[in-house]
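K.L.:
To be precise about what I am sending: the file is called target-v7.pdb and holds PDB, C-alpha atoms, pLDDT in the B column.
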ATOM      1  CA  MET E   1     122.304  46.713  42.659  1.00 71.00           C
ATOM      2  CA  GLN E   2     118.494  46.932  42.192  1.00 76.00           C
ATOM      3  CA  GLN E   3     118.124  48.534  45.622  1.00 79.00           C
ATOM      4  CA  THR E   4     120.566  51.315  44.641  1.00 84.00           C
ATOM      5  CA  ALA E   5     118.669  51.967  41.397  1.00 79.00           C
ATOM      6  CA  ASP E   6     115.359  52.095  43.292  1.00 81.00           C
ATOM      7  CA  LYS E   7     116.812  54.562  45.792  1.00 84.00           C
ATOM      8  CA  GLU E   8     118.163  56.760  42.993  1.00 89.00           C
ATOM      9  CA  ARG E   9     114.782  56.718  41.215  1.00 88.00           C
ATOM     10  CA  LEU E  10     112.997  57.550  44.460  1.00 86.00           C
ATOM     11  CA  ASP E  11     115.382  60.450  45.163  1.00 89.00           C
ATOM     12  CA  ARG E  12     115.007  61.746  41.600  1.00 92.00           C
ATOM     13  CA  ASP E  13     111.194  61.571  41.816  1.00 91.00           C
ATOM     14  CA  PHE E  14     111.196  63.311  45.178  1.00 92.00           C
ATOM     15  CA  THR E  15     113.486  66.056  43.872  1.00 93.00           C
ATOM     16  CA  GLU E  16     110.976  66.684  41.072  1.00 93.00           C
ATOM     17  CA  LEU E  17     108.131  66.818  43.599  1.00 92.00           C
ATOM     18  CA  TYR E  18     110.122  69.221  45.768  1.00 94.00           C
ATOM     19  CA  ARG E  19     110.932  71.571  42.893  1.00 94.00           C
ATOM     20  CA  ALA E  20     107.375  71.500  41.572  1.00 94.00           C
ATOM     21  CA  HIS E  21     105.679  72.231  44.898  1.00 94.00           C
ATOM     22  CA  LEU E  22     108.126  74.118  47.114  1.00 94.00           C
ATOM     23  CA  ARG E  23     106.503  77.470  46.345  1.00 94.00           C
ATOM     24  CA  ASP E  24     102.977  76.159  47.034  1.00 94.00           C
ATOM     25  CA  VAL E  25     103.936  74.546  50.338  1.00 94.00           C
ATOM     26  CA  TYR E  26     105.810  77.664  51.459  1.00 94.00           C
ATOM     27  CA  SER E  27     102.919  79.952  50.420  1.00 92.00           C
ATOM     28  CA  TYR E  28     100.432  77.809  52.282  1.00 92.00           C
ATOM     29  CA  ALA E  29     102.662  77.761  55.375  1.00 91.00           C
ATOM     30  CA  TYR E  30     103.173  81.513  55.220  1.00 89.00           C
ATOM     31  CA  TYR E  31      99.466  82.273  54.977  1.00 87.00           C
ATOM     32  CA  ARG E  32      98.812  79.789  57.755  1.00 85.00           C
ATOM     33  CA  VAL E  33     101.427  80.903  60.326  1.00 83.00           C
ATOM     34  CA  GLY E  34     101.932  84.495  59.235  1.00 80.00           C
ATOM     35  CA  ASN E  35     105.689  84.964  59.250  1.00 85.00           C
ATOM     36  CA  HIS E  36     108.556  83.975  57.012  1.00 90.00           C
ATOM     37  CA  HIS E  37     110.753  82.258  59.586  1.00 91.00           C
ATOM     38  CA  ASP E  38     108.045  79.916  60.866  1.00 90.00           C
ATOM     39  CA  ALA E  39     106.834  79.314  57.287  1.00 91.00           C
ATOM     40  CA  GLU E  40     110.341  78.232  56.260  1.00 93.00           C
ATOM     41  CA  ASP E  41     110.531  75.867  59.243  1.00 93.00           C
ATOM     42  CA  LEU E  42     107.098  74.447  58.483  1.00 94.00           C
ATOM     43  CA  THR E  43     108.016  73.988  54.815  1.00 95.00           C
ATOM     44  CA  GLU E  44     111.191  72.136  55.756  1.00 94.00           C
ATOM     45  CA  GLN E  45     109.298  69.890  58.190  1.00 94.00           C
ATOM     46  CA  THR E  46     106.658  69.215  55.527  1.00 95.00           C
ATOM     47  CA  PHE E  47     109.207  67.983  52.997  1.00 94.00           C
ATOM     48  CA  LEU E  48     111.118  65.965  55.590  1.00 93.00           C
ATOM     49  CA  GLN E  49     107.929  64.176  56.585  1.00 94.00           C
ATOM     50  CA  ALA E  50     106.930  63.793  52.933  1.00 94.00           C
ATOM     51  CA  TYR E  51     110.281  62.196  52.124  1.00 93.00           C
ATOM     52  CA  ARG E  52     109.823  59.642  54.902  1.00 92.00           C
ATOM     53  CA  HIS E  53     106.478  58.547  53.419  1.00 92.00           C
ATOM     54  CA  PHE E  54     107.087  59.330  49.748  1.00 92.00           C
ATOM     55  CA  GLU E  55     107.389  55.777  48.472  1.00 89.00           C
ATOM     56  CA  ARG E  56     104.080  54.746  50.063  1.00 90.00           C
ATOM     57  CA  ALA E  57     102.366  57.935  48.851  1.00 91.00           C
ATOM     58  CA  GLN E  58     103.482  57.225  45.295  1.00 88.00           C
ATOM     59  CA  ARG E  59     102.066  53.692  45.455  1.00 86.00           C
ATOM     60  CA  GLU E  60      98.755  54.816  46.949  1.00 86.00           C
ATOM     61  CA  SER E  61      98.240  57.881  44.727  1.00 85.00           C
ATOM     62  CA  ASP E  62      97.225  55.842  41.653  1.00 82.00           C
ATOM     63  CA  GLY E  63      98.773  58.518  39.477  1.00 81.00           C
ATOM     64  CA  ARG E  64      96.892  61.402  41.133  1.00 86.00           C
ATOM     65  CA  PRO E  65      98.899  64.582  41.851  1.00 89.00           C
ATOM     66  CA  LEU E  66     100.652  64.651  45.217  1.00 92.00           C
ATOM     67  CA  ARG E  67     100.200  68.381  45.865  1.00 92.00           C
ATOM     68  CA  PRO E  68      97.073  67.862  48.037  1.00 93.00           C
ATOM     69  CA  TRP E  69      99.008  65.269  50.044  1.00 94.00           C
ATOM     70  CA  LEU E  70     101.812  67.790  50.643  1.00 94.00           C
ATOM     71  CA  ILE E  71      99.368  70.533  51.635  1.00 93.00           C
ATOM     72  CA  ARG E  72      97.654  68.128  54.024  1.00 93.00           C
ATOM     73  CA  ILE E  73     101.020  67.401  55.674  1.00 94.00           C
ATOM     74  CA  ALA E  74     101.637  71.159  55.969  1.00 94.00           C
ATOM     75  CA  HIS E  75      98.099  71.611  57.321  1.00 91.00           C
ATOM     76  CA  ASN E  76      98.656  68.990  60.017  1.00 90.00           C
ATOM     77  CA  LEU E  77     102.056  70.401  60.942  1.00 92.00           C
ATOM     78  CA  ALA E  78     100.585  73.906  61.201  1.00 88.00           C
ATOM     79  CA  ALA E  79      97.884  72.577  63.535  1.00 84.00           C
ATOM     80  CA  ASN E  80     100.607  70.977  65.654  1.00 86.00           C
ATOM     81  CA  PHE E  81     102.561  74.243  65.560  1.00 83.00           C
ATOM     82  CA  TYR E  82      99.688  76.075  67.221  1.00 71.00           C
ATOM     83  CA  ARG E  83      98.713  73.301  69.581  1.00 73.00           C
ATOM     84  CA  ASP E  84     102.274  72.884  70.806  1.00 70.00           C
ATOM     85  CA  ARG E  85     102.526  76.577  71.533  1.00 64.00           C
ATOM     86  CA  SER E  86      99.061  76.729  73.135  1.00 53.00           C
ATOM     87  CA  ARG E  87      98.077  79.540  70.802  1.00 47.00           C
ATOM     88  CA  ARG E  88      94.807  80.137  69.099  1.00 46.00           C
ATOM     89  CA  PRO E  89      95.308  79.157  65.425  1.00 43.00           C
ATOM     90  CA  VAL E  90      94.962  82.559  63.804  1.00 47.00           C
ATOM     91  CA  THR E  91      96.546  83.363  60.483  1.00 47.00           C
ATOM     92  CA  GLN E  92      98.445  86.588  60.877  1.00 47.00           C
ATOM     93  CA  LEU E  93      97.901  88.139  57.490  1.00 47.00           C
ATOM     94  CA  ASP E  94      98.658  91.681  58.692  1.00 45.00           C
ATOM     95  CA  ASP E  95     102.177  91.650  57.264  1.00 45.00           C
ATOM     96  CA  ALA E  96     101.028  90.222  53.926  1.00 47.00           C
ATOM     97  CA  SER E  97     100.962  93.830  52.713  1.00 44.00           C
ATOM     98  CA  ILE E  98     104.764  93.662  52.789  1.00 44.00           C
ATOM     99  CA  LEU E  99     104.546  91.589  49.631  1.00 45.00           C
ATOM    100  CA  HIS E 100     103.201  94.637  47.785  1.00 42.00           C
ATOM    101  CA  GLU E 101     105.606  97.292  49.099  1.00 45.00           C
ATOM    102  CA  PRO E 102     108.462  96.697  46.626  1.00 46.00           C
ATOM    103  CA  LEU E 103     106.117  97.487  43.711  1.00 43.00           C
ATOM    104  CA  GLY E 104     105.308 100.884  45.184  1.00 49.00           C
ATOM    105  CA  THR E 105     103.041 102.106  42.371  1.00 52.00           C
ATOM    106  CA  GLU E 106     100.411 104.703  43.098  1.00 54.00           C
ATOM    107  CA  GLN E 107      97.629 102.330  42.057  1.00 50.00           C
ATOM    108  CA  LEU E 108      98.794  99.701  44.530  1.00 52.00           C
ATOM    109  CA  GLY E 109      98.912 102.352  47.226  1.00 57.00           C
ATOM    110  CA  GLU E 110      95.296 103.246  46.569  1.00 55.00           C
ATOM    111  CA  GLY E 111      94.161  99.608  46.548  1.00 60.00           C
ATOM    112  CA  ARG E 112      96.242  98.658  49.542  1.00 65.00           C
ATOM    113  CA  GLU E 113      93.562  99.541  52.075  1.00 72.00           C
ATOM    114  CA  GLU E 114      91.079  97.289  50.264  1.00 73.00           C
ATOM    115  CA  VAL E 115      93.571  94.432  50.201  1.00 71.00           C
ATOM    116  CA  LYS E 116      94.226  94.923  53.901  1.00 75.00           C
ATOM    117  CA  GLU E 117      90.488  94.768  54.635  1.00 80.00           C
ATOM    118  CA  VAL E 118      90.100  91.568  52.602  1.00 80.00           C
ATOM    119  CA  LEU E 119      93.074  89.907  54.322  1.00 79.00           C
ATOM    120  CA  GLU E 120      91.739  90.967  57.696  1.00 82.00           C
ATOM    121  CA  GLY E 121      88.349  89.499  56.775  1.00 84.00           C
ATOM    122  CA  VAL E 122      89.971  86.228  55.705  1.00 84.00           C
ATOM    123  CA  SER E 123      91.917  86.038  58.971  1.00 83.00           C
ATOM    124  CA  LYS E 124      88.622  86.238  60.909  1.00 87.00           C
ATOM    125  CA  LEU E 125      87.004  83.310  59.100  1.00 88.00           C
ATOM    126  CA  PRO E 126      86.711  79.937  60.852  1.00 89.00           C
ATOM    127  CA  ASP E 127      89.769  77.742  60.301  1.00 86.00           C
ATOM    128  CA  ASP E 128      88.262  75.419  57.698  1.00 89.00           C
ATOM    129  CA  ARG E 129      86.877  78.277  55.603  1.00 90.00           C
ATOM    130  CA  ARG E 130      90.130  80.235  55.799  1.00 89.00           C
ATOM    131  CA  GLU E 131      92.107  77.125  54.824  1.00 88.00           C
ATOM    132  CA  ALA E 132      89.863  76.483  51.821  1.00 90.00           C
ATOM    133  CA  LEU E 133      90.163  80.079  50.580  1.00 89.00           C
ATOM    134  CA  ILE E 134      93.943  80.061  50.966  1.00 88.00           C
ATOM    135  CA  MET E 135      94.182  76.828  48.979  1.00 90.00           C
ATOM    136  CA  ARG E 136      91.764  78.068  46.324  1.00 89.00           C
ATOM    137  CA  PHE E 137      92.971  81.616  45.749  1.00 86.00           C
ATOM    138  CA  ALA E 138      96.553  81.769  47.056  1.00 85.00           C
ATOM    139  CA  LEU E 139      97.586  78.355  45.718  1.00 88.00           C
ATOM    140  CA  GLY E 140      95.150  78.049  42.820  1.00 88.00           C
ATOM    141  CA  MET E 141      94.081  74.551  43.855  1.00 90.00           C
ATOM    142  CA  ASP E 142      90.898  73.151  42.329  1.00 91.00           C
ATOM    143  CA  ASN E 143      88.026  71.755  44.416  1.00 91.00           C
ATOM    144  CA  ARG E 144      89.186  68.164  43.997  1.00 91.00           C
ATOM    145  CA  GLU E 145      92.674  68.980  45.300  1.00 90.00           C
ATOM    146  CA  ILE E 146      91.268  70.992  48.205  1.00 92.00           C
ATOM    147  CA  ALA E 147      88.896  68.158  49.074  1.00 92.00           C
ATOM    148  CA  ARG E 148      91.781  65.693  49.174  1.00 90.00           C
ATOM    149  CA  ALA E 149      93.927  68.068  51.242  1.00 89.00           C
ATOM    150  CA  LEU E 150      91.151  68.672  53.777  1.00 89.00           C
ATOM    151  CA  GLY E 151      89.879  65.092  53.814  1.00 90.00           C
ATOM    152  CA  ARG E 152      86.390  66.083  52.641  1.00 92.00           C
ATOM    153  CA  SER E 153      84.173  65.206  49.725  1.00 93.00           C
ATOM    154  CA  GLU E 154      84.291  67.428  46.664  1.00 92.00           C
ATOM    155  CA  GLY E 155      80.681  68.494  47.257  1.00 92.00           C
ATOM    156  CA  ALA E 156      81.374  69.447  50.867  1.00 93.00           C
ATOM    157  CA  THR E 157      84.392  71.425  49.676  1.00 93.00           C
ATOM    158  CA  LYS E 158      82.310  73.381  47.159  1.00 93.00           C
ATOM    159  CA  VAL E 159      79.838  74.256  49.908  1.00 93.00           C
ATOM    160  CA  LEU E 160      82.667  75.224  52.258  1.00 93.00           C
ATOM    161  CA  ILE E 161      84.226  77.576  49.690  1.00 92.00           C
ATOM    162  CA  HIS E 162      80.843  79.064  48.791  1.00 92.00           C
ATOM    163  CA  ARG E 163      80.052  79.749  52.455  1.00 93.00           C
ATOM    164  CA  ALA E 164      83.531  81.173  53.055  1.00 91.00           C
ATOM    165  CA  ILE E 165      83.159  83.612  50.149  1.00 91.00           C
ATOM    166  CA  LYS E 166      79.663  84.586  51.257  1.00 92.00           C
ATOM    167  CA  GLN E 167      80.826  85.164  54.845  1.00 92.00           C
ATOM    168  CA  LEU E 168      83.792  87.204  53.617  1.00 88.00           C
ATOM    169  CA  GLU E 169      81.565  89.314  51.341  1.00 88.00           C
ATOM    170  CA  GLU E 170      79.162  89.968  54.215  1.00 89.00           C
ATOM    171  CA  SER E 171      81.999  91.024  56.493  1.00 87.00           C
ATOM    172  CA  LEU E 172      83.267  93.462  53.848  1.00 83.00           C
ATOM    173  CA  GLU E 173      79.885  95.092  53.154  1.00 81.00           C
ATOM    174  CA  PRO E 174      79.730  98.633  54.470  1.00 73.00           C
ATOM    175  CA  GLU E 175      77.783  98.978  57.682  1.00 58.00           C
ATOM    176  CA  THR E 176      74.335 100.369  56.952  1.00 51.00           C
ATOM    177  CA  ALA E 177      72.338 102.137  59.585  1.00 47.00           C
ATOM    178  CA  ASP E 178      68.907 100.723  60.402  1.00 50.00           C
ATOM    179  CA  GLU E 179      66.257 102.792  58.702  1.00 45.00           C
TER     180      GLU E 179
END
Please render this file's structure as structure tokens.

P.N.:
Amino acid sequence: MQQTADKERLDRDFTELYRAHLRDVYSYAYYRVGNHHDAEDLTEQTFLQAYRHFERAQRESDGRPLRPWLIRIAHNLAANFYRDRSRRPVTQLDDASILHEPLGTEQLGEGREEVKEVLEGVSKLPDDRREALIMRFALGMDNREIARALGRSEGATKVLIHRAIKQLEESLEPETADE
């Protein structure tokens, strides 16, 4: 009887985790692989793997949020996705502009070119910098969560994000002719 109660509690806890973080995992996967179909597959694989290890993760988390753990699973699965297909791991953010089309306001139309340039700049960053920016700005993760997801110290994560932003800003600066 106790085993059934434990299983029900575990399933209930996992359902809460799933509902709370489905959007974040999907968003991360989408920004990472660049299309909806593969992002859905990656999201499903992430939660299947998370379910298999959920009980252990709960014990080892010491009450810390499990979102970084989920993003790390998605990160590893995305790396496998590219390795298995022998492709260079490039985030295809070109079709991210699709997200803005339904709004169709004139202001969005004017800013669309800027958004496209920023997304293109992000896609050209080294993997670790791109990952950190996606987690920070697309998912709203704090430095501690990003550090846990990437397996780095919090200080190293701050430096990584700072360098990523600086590199992105430099790539977006207008070309100036040598005087």

K.L.:
Atom CA of E:Asp13 and atom CA of E:Ala149 are how many Å apart?

P.N.:
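Here the two named atoms are 20.7 Å from each other.
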
K.L.:
Figure out the distance between atom CA of E:Val25 and atom CA of E:Asp62, please, to one decimal in Å.

P.N.:
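Between these atoms lies a distance of 21.7 Å.
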
K.L.:
For the atom pair atom CA of E:Asn76 and atom CA of E:Lys116, what is the interatomic distance in Å to one decimal place?

P.N.:
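A separation of 27.0 Å between them.
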
K.L.:
For this structure, which residues satisfy the selection - the PyMOL selection byres ((chain E and resi 125) around 10) - when it is evaluated on the file as given? I want them as a PyMOL selection string.

P.N.:
chain E and resi 90-91+120-124+126-131+133+164-165+167-168+171

K.L.:
Check the smallest atom-to-atom distance from each of E:Arg32, E:His37, E:His75, E:Arg12 to E:Phe54 using all atoms listed in the file, then report the winner.

P.N.:
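Comparing E:Arg32, E:His37, E:His75, E:Arg12 against E:Phe54, the winner is E:Arg12.
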
K.L.:
Residues picked by the PyMOL selection byres ((chain E and resi 51) around 12) here, as a ChimeraX atom specification?

P.N.:
/E:7,10-18,44-50,52-58,69-70,73

K.L.:
Considering only C-alpha atoms, state which residue in the set E:Arg144, E:Gly151, E:Glu114, E:Val159 is at the smallest distance from E:Glu173.

P.N.:
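For E:Glu173, the nearest of the candidates is E:Glu114.
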
K.L.:
Using all atoms listed in the file, which of E:Leu172, E:Gly63, E:Arg152, E:Thr43 sits nearest E:Tyr30?

P.N.:
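Of E:Leu172, E:Gly63, E:Arg152, E:Thr43, the one nearest E:Tyr30 is E:Thr43, counting all atoms listed in the file.
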
K.L.:
Quick one: apply the PyMOL selection byres ((chain E and resi 24) around 10) to the file and drop the selected residues here as a list in words.

P.N.:
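That expression, the PyMOL selection byres ((chain E and resi 24) around 10), corresponds here to Ala20, His21, Leu22, Arg23, Val25, Tyr26, Ser27, Tyr28, Ala29, Tyr30, Thr43, Arg67, Leu70, Ile71, Met135, Ala138, Leu139, Gly140 and Met141 of chain E.
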
K.L.:
Give, as lines of an AutoDock Vina configuration file, the centre coordinates and the x, y and z edge lengths in Å to one decimal for an axis-aligned box around all listed atoms of stretch 158-164 of chain E, padded by 4 Å on each side.

P.N.:
center_x = 82.0
center_y = 77.3
center_z = 50.1
size_x = 12.4
size_y = 15.8
size_z = 13.9

K.L.:
For a quick check of understanding, using all atoms listed in the file, which of E:Glu40, E:Arg83, E:Thr157, E:Ala5 has the smallest distance to E:Glu145?

P.N.:
E:Thr157

K.L.:
Nearest residue to E:Leu150 out of E:Ala74, E:Lys166, E:Asp84, E:Pro174, using all atoms listed in the file?

P.N.:
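Of the candidates, the smallest distance to E:Leu150 is held by E:Ala74.
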
K.L.:
What would stretch 135-146 of chain E look like with N, CA, C and O atoms restored, written as a compact mmCIF listing (two decimals), in the coordinates of the input?

P.N.:
# COMPACT_ATOMS: atom_id res chain seq x y z
N MET E 135 93.85 77.84 49.98
CA MET E 135 94.18 76.83 48.98
C MET E 135 93.63 77.21 47.61
O MET E 135 94.30 77.05 46.60
N ARG E 136 92.42 77.75 47.59
CA ARG E 136 91.76 78.07 46.32
C ARG E 136 92.40 79.27 45.63
O ARG E 136 92.73 79.24 44.45
N PHE E 137 92.57 80.37 46.39
CA PHE E 137 92.97 81.62 45.75
C PHE E 137 94.46 81.92 45.86
O PHE E 137 95.03 82.52 44.96
N ALA E 138 95.11 81.52 46.94
CA ALA E 138 96.55 81.77 47.06
C ALA E 138 97.35 80.70 46.32
O ALA E 138 98.39 80.99 45.74
N LEU E 139 96.86 79.45 46.35
CA LEU E 139 97.59 78.36 45.72
C LEU E 139 96.99 77.93 44.38
O LEU E 139 97.59 77.16 43.65
N GLY E 140 95.78 78.39 44.09
CA GLY E 140 95.15 78.05 42.82
C GLY E 140 94.73 76.59 42.72
O GLY E 140 94.61 76.04 41.63
N MET E 141 94.48 75.96 43.86
CA MET E 141 94.08 74.55 43.86
C MET E 141 92.62 74.45 43.41
O MET E 141 91.81 75.32 43.70
N ASP E 142 92.29 73.35 42.71
CA ASP E 142 90.90 73.15 42.33
C ASP E 142 90.16 72.44 43.47
O ASP E 142 90.77 72.02 44.45
N ASN E 143 88.84 72.32 43.33
CA ASN E 143 88.03 71.76 44.42
C ASN E 143 88.42 70.33 44.76
O ASN E 143 88.39 69.93 45.93
N ARG E 144 88.79 69.55 43.75
CA ARG E 144 89.19 68.16 44.00
C ARG E 144 90.45 68.11 44.86
O ARG E 144 90.54 67.33 45.80
N GLU E 145 91.43 68.95 44.53
CA GLU E 145 92.67 68.98 45.30
C GLU E 145 92.42 69.44 46.73
O GLU E 145 92.97 68.89 47.69
N ILE E 146 91.58 70.48 46.87
CA ILE E 146 91.27 70.99 48.20
C ILE E 146 90.55 69.92 49.03
O ILE E 146 90.86 69.71 50.20
